[in-house]
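Printed here is data-v9.tsv (TSV, C-alpha atoms):
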chain	number	residue	atom	x	y	z
A	781	MET	CA	-63.14	34.24	5.74
A	782	ASN	CA	-63.84	30.53	6.03
A	783	SER	CA	-65.98	30.56	2.89
A	784	ILE	CA	-63.14	32.14	0.90
A	785	ILE	CA	-60.69	29.56	2.25
A	786	ASP	CA	-63.08	26.76	1.27
A	787	ARG	CA	-63.33	28.12	-2.29
A	788	ILE	CA	-59.54	28.46	-2.51
A	789	ASP	CA	-59.08	24.86	-1.37
A	790	GLN	CA	-61.70	23.64	-3.85
A	791	LEU	CA	-59.96	25.39	-6.74
A	792	THR	CA	-56.56	24.18	-5.52
A	793	ALA	CA	-57.86	20.62	-5.76
A	794	LYS	CA	-59.12	21.22	-9.30
A	795	ILE	CA	-55.85	22.81	-10.40
A	796	SER	CA	-53.83	20.00	-8.78
A	797	VAL	CA	-55.23	17.62	-11.41
A	798	TYR	CA	-52.93	19.34	-13.90
A	799	ARG	CA	-49.88	19.16	-11.64
A	800	PRO	CA	-47.00	18.73	-11.80
A	801	PHE	CA	-46.41	21.18	-14.62
A	802	THR	CA	-43.61	19.13	-16.13
A	803	ASP	CA	-43.89	20.60	-19.62
A	804	GLU	CA	-41.18	23.27	-19.74
A	805	ASN	CA	-43.14	25.33	-22.28
A	806	ILE	CA	-46.16	25.45	-19.99
A	807	LEU	CA	-44.02	26.28	-16.96
A	808	LYS	CA	-42.36	29.05	-18.96
A	809	GLN	CA	-45.77	30.47	-19.91
A	810	ILE	CA	-46.95	30.39	-16.30
A	811	LYS	CA	-43.79	32.13	-15.13
A	812	SER	CA	-44.01	34.79	-17.84
A	813	TYR	CA	-47.73	35.45	-17.34
A	814	TYR	CA	-47.38	36.19	-13.62
A	815	ASN	CA	-44.08	38.00	-14.06
A	816	ILE	CA	-45.69	40.75	-16.13
A	817	GLU	CA	-48.78	41.03	-13.95
A	818	CYS	CA	-46.82	41.08	-10.69
A	819	ALA	CA	-44.18	43.50	-12.01
A	820	TRP	CA	-46.83	45.94	-13.17
A	821	SER	CA	-49.16	45.79	-10.17
A	822	SER	CA	-46.48	45.74	-7.47
A	823	ASN	CA	-44.69	48.72	-8.98
A	824	ALA	CA	-47.96	50.56	-9.68
A	825	LEU	CA	-48.84	50.28	-6.00
A	826	GLU	CA	-45.66	52.27	-5.31
A	827	GLY	CA	-46.51	55.01	-7.81
A	828	ASN	CA	-44.80	53.64	-10.93
A	829	GLU	CA	-46.51	55.20	-13.99
A	830	TYR	CA	-46.02	52.35	-16.46
A	831	THR	CA	-49.24	50.76	-17.70
A	832	LEU	CA	-49.70	47.00	-17.95
A	833	THR	CA	-49.20	47.14	-21.72
A	834	GLU	CA	-46.07	49.28	-21.38
A	835	THR	CA	-44.74	46.86	-18.77
A	836	LYS	CA	-45.32	43.93	-21.11
A	837	ILE	CA	-43.54	45.67	-24.01
A	838	LEU	CA	-40.62	46.64	-21.77
A	839	LEU	CA	-40.12	43.13	-20.39
A	840	GLU	CA	-40.72	41.25	-23.63
A	841	ASP	CA	-39.18	43.62	-26.18
A	842	GLY	CA	-36.92	45.87	-24.12
A	843	ILE	CA	-38.67	49.02	-25.36
A	844	THR	CA	-39.19	51.80	-22.83
A	845	ALA	CA	-42.31	53.97	-22.82
A	846	GLY	CA	-42.01	57.50	-24.17
A	847	GLY	CA	-42.42	60.21	-21.58
A	848	LYS	CA	-41.97	57.86	-18.62
A	849	SER	CA	-39.04	58.09	-16.21
A	850	ILE	CA	-36.04	55.83	-16.63
A	851	ARG	CA	-36.29	55.01	-12.93
A	852	ASP	CA	-39.76	53.53	-13.48
A	853	ALA	CA	-38.35	51.36	-16.26
A	854	LEU	CA	-35.40	50.24	-14.13
A	855	ALA	CA	-37.72	49.38	-11.25
A	856	ILE	CA	-39.77	47.11	-13.52
A	857	VAL	CA	-36.66	45.42	-14.91
A	858	GLY	CA	-35.31	45.03	-11.38
A	859	HIS	CA	-38.60	43.51	-10.26
A	860	GLU	CA	-38.36	40.97	-13.09
A	861	LYS	CA	-34.89	39.93	-11.93
A	862	ALA	CA	-36.10	39.58	-8.34
A	863	TYR	CA	-39.19	37.69	-9.56
A	864	ASN	CA	-37.05	35.25	-11.57
A	865	TYR	CA	-34.94	34.61	-8.48
A	866	MET	CA	-38.09	34.20	-6.39
A	867	PHE	CA	-39.50	31.71	-8.91
A	868	SER	CA	-36.29	29.69	-8.73
A	869	LEU	CA	-36.97	29.09	-5.02
A	870	ARG	CA	-40.34	27.43	-5.62
A	871	LEU	CA	-39.01	23.94	-4.79
A	872	ASN	CA	-37.72	25.08	-1.38
A	873	LYS	CA	-39.84	25.03	1.75
A	874	TYR	CA	-39.04	28.30	3.49
A	875	LEU	CA	-37.25	31.61	2.96
A	876	SER	CA	-33.91	32.46	4.54
A	877	GLU	CA	-31.54	35.24	3.53
A	878	ASP	CA	-33.23	34.92	0.13
A	879	ILE	CA	-34.96	38.15	1.13
A	880	LEU	CA	-31.66	40.00	0.85
A	881	SER	CA	-30.97	38.37	-2.52
A	882	MET	CA	-34.37	39.44	-3.83
A	883	HIS	CA	-33.59	42.97	-2.79
A	884	ARG	CA	-30.18	42.84	-4.45
A	885	PHE	CA	-31.77	41.77	-7.75
A	886	PHE	CA	-34.53	44.36	-7.48
A	887	GLN	CA	-32.40	47.30	-6.41
A	888	GLY	CA	-29.24	46.53	-8.35
A	889	GLY	CA	-30.14	48.47	-11.49
A	890	LEU	CA	-31.51	51.55	-9.77
A	891	GLU	CA	-29.48	54.70	-9.34
A	892	ASN	CA	-28.68	54.07	-5.68
A	893	ASN	CA	-27.51	50.50	-6.10
A	894	SER	CA	-25.10	50.78	-3.17
A	895	ILE	CA	-28.03	49.78	-0.94
A	896	ALA	CA	-28.88	46.69	-3.01
A	897	GLY	CA	-29.07	43.56	-0.88
A	898	SER	CA	-28.36	45.45	2.34
A	899	TYR	CA	-30.48	46.40	5.30
A	900	ARG	CA	-30.96	50.14	5.72
A	901	ASP	CA	-28.41	52.02	7.84
A	902	ILE	CA	-30.62	54.93	8.86
A	903	ASP	CA	-33.69	55.09	11.05
A	904	VAL	CA	-36.84	56.04	9.14
A	905	PHE	CA	-40.55	56.54	9.60
A	906	ILE	CA	-43.36	55.80	7.15
A	907	THR	CA	-45.29	58.84	5.95
A	908	GLY	CA	-48.96	58.49	6.84
A	909	SER	CA	-48.41	55.78	9.45
A	910	LYS	CA	-48.56	56.30	13.18
A	911	TYR	CA	-46.53	53.16	13.86
A	912	LYS	CA	-42.76	52.91	14.17
A	913	VAL	CA	-40.64	50.53	12.11
A	914	ALA	CA	-37.60	48.64	13.37
A	915	LYS	CA	-34.58	50.64	14.44
A	916	VAL	CA	-31.40	50.02	12.44
A	917	LYS	CA	-29.74	48.16	15.31
A	918	ASP	CA	-32.71	45.77	15.56
A	919	ILE	CA	-33.41	45.03	11.87
A	920	LYS	CA	-31.29	41.91	11.45
A	921	ASN	CA	-32.58	40.42	14.69
A	922	HIS	CA	-36.22	41.09	13.72
A	923	VAL	CA	-35.77	39.59	10.26
A	924	ASN	CA	-34.04	36.50	11.70
A	925	LYS	CA	-36.87	36.01	14.18
A	926	LEU	CA	-39.42	36.28	11.35
A	927	ILE	CA	-37.47	33.72	9.30
A	928	GLU	CA	-37.46	31.38	12.30
A	929	LYS	CA	-41.20	31.98	12.77
A	930	GLN	CA	-42.17	30.63	9.31
A	931	LYS	CA	-42.60	27.02	10.44
A	932	GLU	CA	-44.87	28.11	13.29
A	933	LEU	CA	-46.97	30.29	10.96
A	934	PHE	CA	-47.56	27.48	8.46
A	935	GLU	CA	-48.34	24.95	11.19
A	936	LYS	CA	-50.89	27.28	12.79
A	937	PHE	CA	-52.61	28.88	9.78
A	938	HIS	CA	-53.87	28.08	6.30
A	939	PRO	CA	-50.94	28.56	3.87
A	940	VAL	CA	-52.40	31.68	2.25
A	941	ILE	CA	-53.06	33.25	5.65
A	942	ALA	CA	-49.56	32.34	6.86
A	943	ALA	CA	-48.01	33.91	3.74
A	944	ALA	CA	-50.11	37.07	4.25
A	945	LYS	CA	-48.94	37.34	7.86
A	946	PHE	CA	-45.33	36.95	6.77
A	947	HIS	CA	-45.83	39.79	4.26
A	948	LYS	CA	-47.38	41.95	6.97
A	949	GLU	CA	-44.61	41.38	9.48
A	950	LEU	CA	-41.81	41.94	6.96
A	951	ALA	CA	-43.46	45.20	5.92
A	952	PHE	CA	-43.69	46.27	9.57
A	953	ILE	CA	-39.95	45.71	10.04
A	954	HIS	CA	-39.32	47.82	6.91
A	955	PRO	CA	-35.76	46.48	6.61
A	956	PHE	CA	-34.67	48.31	3.44
A	957	SER	CA	-34.12	51.90	2.41
A	958	ASP	CA	-36.24	51.29	-0.70
A	959	GLY	CA	-38.39	48.49	-2.12
A	960	ASN	CA	-39.93	47.21	1.12
A	961	GLY	CA	-43.45	46.73	-0.25
A	962	ARG	CA	-42.27	45.00	-3.40
A	963	ILE	CA	-39.94	42.65	-1.53
A	964	ALA	CA	-42.67	41.83	1.02
A	965	ARG	CA	-45.05	40.90	-1.82
A	966	LEU	CA	-42.37	38.85	-3.58
A	967	ALA	CA	-41.61	37.03	-0.32
A	968	MET	CA	-45.30	36.27	0.16
A	969	ASN	CA	-45.58	34.96	-3.39
A	970	CYS	CA	-42.50	32.80	-2.93
A	971	LEU	CA	-44.06	31.17	0.12
A	972	LEU	CA	-47.28	30.61	-1.84
A	973	LEU	CA	-45.45	29.01	-4.77
A	974	GLN	CA	-43.55	26.74	-2.41
A	975	ARG	CA	-46.89	25.35	-1.25
A	976	ASP	CA	-48.43	24.96	-4.72
A	977	PHE	CA	-50.53	28.11	-4.53
A	978	LEU	CA	-50.39	30.76	-7.22
A	979	PRO	CA	-48.59	34.10	-6.95
A	980	ILE	CA	-50.94	37.01	-6.49
A	981	SER	CA	-50.97	40.64	-7.46
A	982	ILE	CA	-52.86	43.40	-5.68
A	983	PRO	CA	-55.10	45.19	-8.21
A	984	LEU	CA	-54.32	48.89	-8.46
A	985	ILE	CA	-58.00	49.63	-7.85
A	986	ARG	CA	-57.55	48.16	-4.35
A	987	ARG	CA	-54.43	50.21	-3.53
A	988	SER	CA	-56.04	52.47	-0.94
A	989	GLU	CA	-57.88	49.57	0.66
A	990	TYR	CA	-54.71	47.48	0.78
A	991	ILE	CA	-52.61	50.26	2.34
A	992	ALA	CA	-55.31	51.07	4.91
A	993	ALA	CA	-55.70	47.39	5.81
A	994	LEU	CA	-51.94	47.00	6.24
A	995	GLU	CA	-51.91	49.99	8.59
A	996	GLN	CA	-54.87	48.57	10.52
A	997	ALA	CA	-53.09	45.20	10.71
A	998	HIS	CA	-50.87	46.57	13.47
A	999	ILE	CA	-53.94	46.12	15.67
A	1000	ASN	CA	-56.05	43.57	13.79
A	1001	ASP	CA	-54.98	41.93	10.54
A	1002	ASN	CA	-58.31	40.32	9.60
A	1003	LYS	CA	-59.08	42.82	6.83
A	1004	PHE	CA	-55.56	42.60	5.41
A	1005	VAL	CA	-55.64	38.79	5.42
A	1006	LYS	CA	-59.07	38.84	3.77
A	1007	ILE	CA	-57.74	41.02	0.92
A	1008	ILE	CA	-54.88	38.57	0.31
A	1009	LEU	CA	-57.28	35.62	0.38
A	1010	GLU	CA	-59.57	37.34	-2.12
A	1011	CYS	CA	-56.66	38.11	-4.43
A	1012	GLU	CA	-55.47	34.49	-4.30
A	1013	LEU	CA	-58.97	33.30	-5.14
A	1014	GLU	CA	-59.20	35.65	-8.13
A	1015	THR	CA	-55.80	34.47	-9.36
A	1016	GLN	CA	-56.92	30.87	-9.11
A	1017	LYS	CA	-60.12	31.61	-11.01
A	1018	ASP	CA	-58.19	33.29	-13.83
A	1019	PHE	CA	-55.63	30.50	-13.98
A	1020	TYR	CA	-58.25	27.75	-13.97
A	1021	ARG	CA	-60.00	29.40	-16.90
A	1022	LEU	CA	-56.68	29.51	-18.76
A	1023	ILE	CA	-55.80	25.86	-18.26
A	1024	GLU	CA	-59.32	24.64	-18.92
A	1025	GLY	CA	-59.14	26.33	-22.30
A	1026	SER	CA	-55.64	25.05	-23.08
A	1027	ASN	CA	-54.12	21.70	-23.87
A	1028	VAL	CA	-52.47	21.30	-20.47
Using structure tokens, write down the structure that the file contains.
Amino acid sequence: MNSIIDRIDQLTAKISVYRPFTDENILKQIKSYYNIECAWSSNALEGNEYTLTETKILLEDGITAGGKSIRDALAIVGHEKAYNYMFSLRLNKYLSEDILSMHRFFQGGLENNSIAGSYRDIDVFITGSKYKVAKVKDIKNHVNKLIEKQKELFEKFHPVIAAAKFHKELAFIHPFSDGNGRIARLAMNCLLLQRDFLPISIPLIRRSEYIAALEQAHINDNKFVKIILECELETQKDFYRLIEGSNV
């Protein structure tokens, strides 16, 4: 993994030449570009049937895709709202109860919006996993401990690794009735943005690998962390090509 980290740091240094992105038009383009990509990929990982093109048309023009469920459309729109909130936190240093706010924005438009911005009130298990998630009575305490642990994570690990570990641990708590994976990825991306790294999306082609690595991370998270590092590196490569060919 060290070689990947070295390449990430090298690209970070190259990209930093163009920082800060003070031009509002450029910042708006950056925000929009990753919004569409993250909304599509994060929802696709959860079984949403919208394509990338359909996601772009929905978010930019408000046109839903024929033959696709209204719930899929609402989930994408909800993700955009949560993403916009997440992006607004980029000048902060850590996350707090922002996690609940992200969930409220994401879940608010879905049919069961009574659970928006609230921890789940029933005990659950994850289909296909042999590991238990937090019991209802322990959720708030576990989330608070994870929030308190952020400083330690970023002092001990490379920022991308620390953000990946935060994602992993939030997913293990599974604090919500719905949207846990999407909120965990948004939280990770928020922590990355706060440290001048780029938000990442997990390619749909890596879905099975990503899910298996997250399950394995209960014992050893090396493979999961490596996937996140690789995705960050690919995002940086794409972004660097964009700005090198622009007038930034």
query: Any idea what's packed within 12 Å of Ala793 of chain A, counting only C-alpha atoms, ignoring anything in its chain fewer than 4 positions away? Could you give it as a list in words?
result: Asp786, Arg787, Ile788, Asp789, Val797, Tyr798, Arg799, Asp976, Phe977, Gln1016 and Tyr1020 of chain A
8 Å contact set for Thr1015 of chain A, only C-alpha atoms, chain neighbours under 2 positions out, as an mmCIF file with C-alpha atoms, in the frame of the given file:
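around_36.cif written:
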data_model
loop_
_atom_site.group_PDB
_atom_site.id
_atom_site.type_symbol
_atom_site.label_atom_id
_atom_site.label_comp_id
_atom_site.auth_asym_id
_atom_site.auth_seq_id
_atom_site.Cartn_x
_atom_site.Cartn_y
_atom_site.Cartn_z
ATOM 1 C CA LEU A 978 -50.390 30.760 -7.220
ATOM 2 C CA PRO A 979 -48.590 34.100 -6.950
ATOM 3 C CA ILE A 980 -50.940 37.010 -6.490
ATOM 4 C CA CYS A 1011 -56.660 38.110 -4.430
ATOM 5 C CA GLU A 1012 -55.470 34.490 -4.300
ATOM 6 C CA LEU A 1013 -58.970 33.300 -5.140
ATOM 7 C CA LYS A 1017 -60.120 31.610 -11.010
ATOM 8 C CA ASP A 1018 -58.190 33.290 -13.830
ATOM 9 C CA PHE A 1019 -55.630 30.500 -13.980
#
task: Would you mind telling me which residue in A:Arg870, A:Thr792, A:Pro983, A:Gly847 lies nearest to Trp820 of chain A when using only C-alpha atoms?
output: A:Pro983
task: Go through A:Ser812, A:Ser821, A:Gln887, A:Asn924 one by one, measure the shortest atom-to-atom distance of each to Phe867 of chain A using all atoms listed in the file, and give the residue with the smallest value.
output: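 For Phe867 of chain A, the nearest of the candidates is A:Ser812.
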task: Might you pull out every residue within 10 Å of Ile843 of chain A, with only C-alpha atoms counted and same-chain residues fewer than 6 positions away left off, and present them as a PyMOL selection string?
output: chain A and resi 834-837+853
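Each of A:Ile1008, A:Val913, A:Ile927, A:Leu854 was compared to Lys873 of chain A using all atoms listed in the file, and A:Ile927 turns out to be the nearest.
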What are the closest atom pairs, with distances in Å to one decimal, for each residue of segment 944-1003 of chain A lying within 9 Å of segment 890-905 of chain A, using all atoms listed in the file, rows by chain and rising residue number, as CSV?
residue,atom,partner,partner_atom,distance
A:His954,CA,A:Arg900,CA,8.8
A:Pro955,CA,A:Tyr899,CA,5.4
A:Phe956,CA,A:Arg900,CA,4.7
A:Ser957,CA,A:Arg900,CA,4.9
A:Asp958,CA,A:Ile895,CA,8.4
- request: Skip Lys931 of chain A itself and residues of its chain fewer than 6 positions away, then list as a ChimeraX atom specification all residues within 12 Å of it, counting all atoms listed in the file.
  value: /A:873-876,925,937,939,942-943,946,971
Please provide as a PDB file with C-alpha atoms, in the coordinates of the input all residues within 12 Å of Ile963 of chain A, with the sequence filter that same-chain residues fewer than 3 positions apart are discarded (counting only C-alpha atoms).
ATOM      1  CA  CYS A 818     -46.820  41.080 -10.690  1.00  0.00           C
ATOM      2  CA  ALA A 819     -44.180  43.500 -12.010  1.00  0.00           C
ATOM      3  CA  SER A 822     -46.480  45.740  -7.470  1.00  0.00           C
ATOM      4  CA  ASN A 823     -44.690  48.720  -8.980  1.00  0.00           C
ATOM      5  CA  GLU A 826     -45.660  52.270  -5.310  1.00  0.00           C
ATOM      6  CA  GLY A 858     -35.310  45.030 -11.380  1.00  0.00           C
ATOM      7  CA  HIS A 859     -38.600  43.510 -10.260  1.00  0.00           C
ATOM      8  CA  GLU A 860     -38.360  40.970 -13.090  1.00  0.00           C
ATOM      9  CA  LYS A 861     -34.890  39.930 -11.930  1.00  0.00           C
ATOM     10  CA  ALA A 862     -36.100  39.580  -8.340  1.00  0.00           C
ATOM     11  CA  TYR A 863     -39.190  37.690  -9.560  1.00  0.00           C
ATOM     12  CA  TYR A 865     -34.940  34.610  -8.480  1.00  0.00           C
ATOM     13  CA  MET A 866     -38.090  34.200  -6.390  1.00  0.00           C
ATOM     14  CA  ASP A 878     -33.230  34.920   0.130  1.00  0.00           C
ATOM     15  CA  ILE A 879     -34.960  38.150   1.130  1.00  0.00           C
ATOM     16  CA  LEU A 880     -31.660  40.000   0.850  1.00  0.00           C
ATOM     17  CA  SER A 881     -30.970  38.370  -2.520  1.00  0.00           C
ATOM     18  CA  MET A 882     -34.370  39.440  -3.830  1.00  0.00           C
ATOM     19  CA  HIS A 883     -33.590  42.970  -2.790  1.00  0.00           C
ATOM     20  CA  ARG A 884     -30.180  42.840  -4.450  1.00  0.00           C
ATOM     21  CA  PHE A 885     -31.770  41.770  -7.750  1.00  0.00           C
ATOM     22  CA  PHE A 886     -34.530  44.360  -7.480  1.00  0.00           C
ATOM     23  CA  GLN A 887     -32.400  47.300  -6.410  1.00  0.00           C
ATOM     24  CA  ALA A 896     -28.880  46.690  -3.010  1.00  0.00           C
ATOM     25  CA  GLY A 897     -29.070  43.560  -0.880  1.00  0.00           C
ATOM     26  CA  PHE A 946     -45.330  36.950   6.770  1.00  0.00           C
ATOM     27  CA  HIS A 947     -45.830  39.790   4.260  1.00  0.00           C
ATOM     28  CA  LYS A 948     -47.380  41.950   6.970  1.00  0.00           C
ATOM     29  CA  LEU A 950     -41.810  41.940   6.960  1.00  0.00           C
ATOM     30  CA  ALA A 951     -43.460  45.200   5.920  1.00  0.00           C
ATOM     31  CA  ILE A 953     -39.950  45.710  10.040  1.00  0.00           C
ATOM     32  CA  HIS A 954     -39.320  47.820   6.910  1.00  0.00           C
ATOM     33  CA  PRO A 955     -35.760  46.480   6.610  1.00  0.00           C
ATOM     34  CA  PHE A 956     -34.670  48.310   3.440  1.00  0.00           C
ATOM     35  CA  SER A 957     -34.120  51.900   2.410  1.00  0.00           C
ATOM     36  CA  ASP A 958     -36.240  51.290  -0.700  1.00  0.00           C
ATOM     37  CA  GLY A 959     -38.390  48.490  -2.120  1.00  0.00           C
ATOM     38  CA  ASN A 960     -39.930  47.210   1.120  1.00  0.00           C
ATOM     39  CA  LEU A 966     -42.370  38.850  -3.580  1.00  0.00           C
ATOM     40  CA  ALA A 967     -41.610  37.030  -0.320  1.00  0.00           C
ATOM     41  CA  MET A 968     -45.300  36.270   0.160  1.00  0.00           C
ATOM     42  CA  ASN A 969     -45.580  34.960  -3.390  1.00  0.00           C
ATOM     43  CA  CYS A 970     -42.500  32.800  -2.930  1.00  0.00           C
TER      44      CYS A 970
END
field: Selected residue of minimal separation from Glu989 of chain A among A:Phe934, A:Leu839, A:Leu825, A:Lys917, counting only C-alpha atoms
entry: A:Leu825
query: For the point (-53.8, 48.1, 7.4) in file coordinates, what residues are within 12 Å, counting only C-alpha atoms? Give the answer as a count of residues only?
result: 32
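Separating atom CA of Ala855 of chain A from atom CA of Glu840 of chain A is a distance of 15.1 Å.
Atom CA of Ile856 of chain A is positioned 11.7 Å from atom CA of Gly888 of chain A.
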- prompt: So how many Å separate atom CA of Leu838 of chain A and atom CA of Ile982 of chain A, to one decimal?
  reply: 20.5 Å
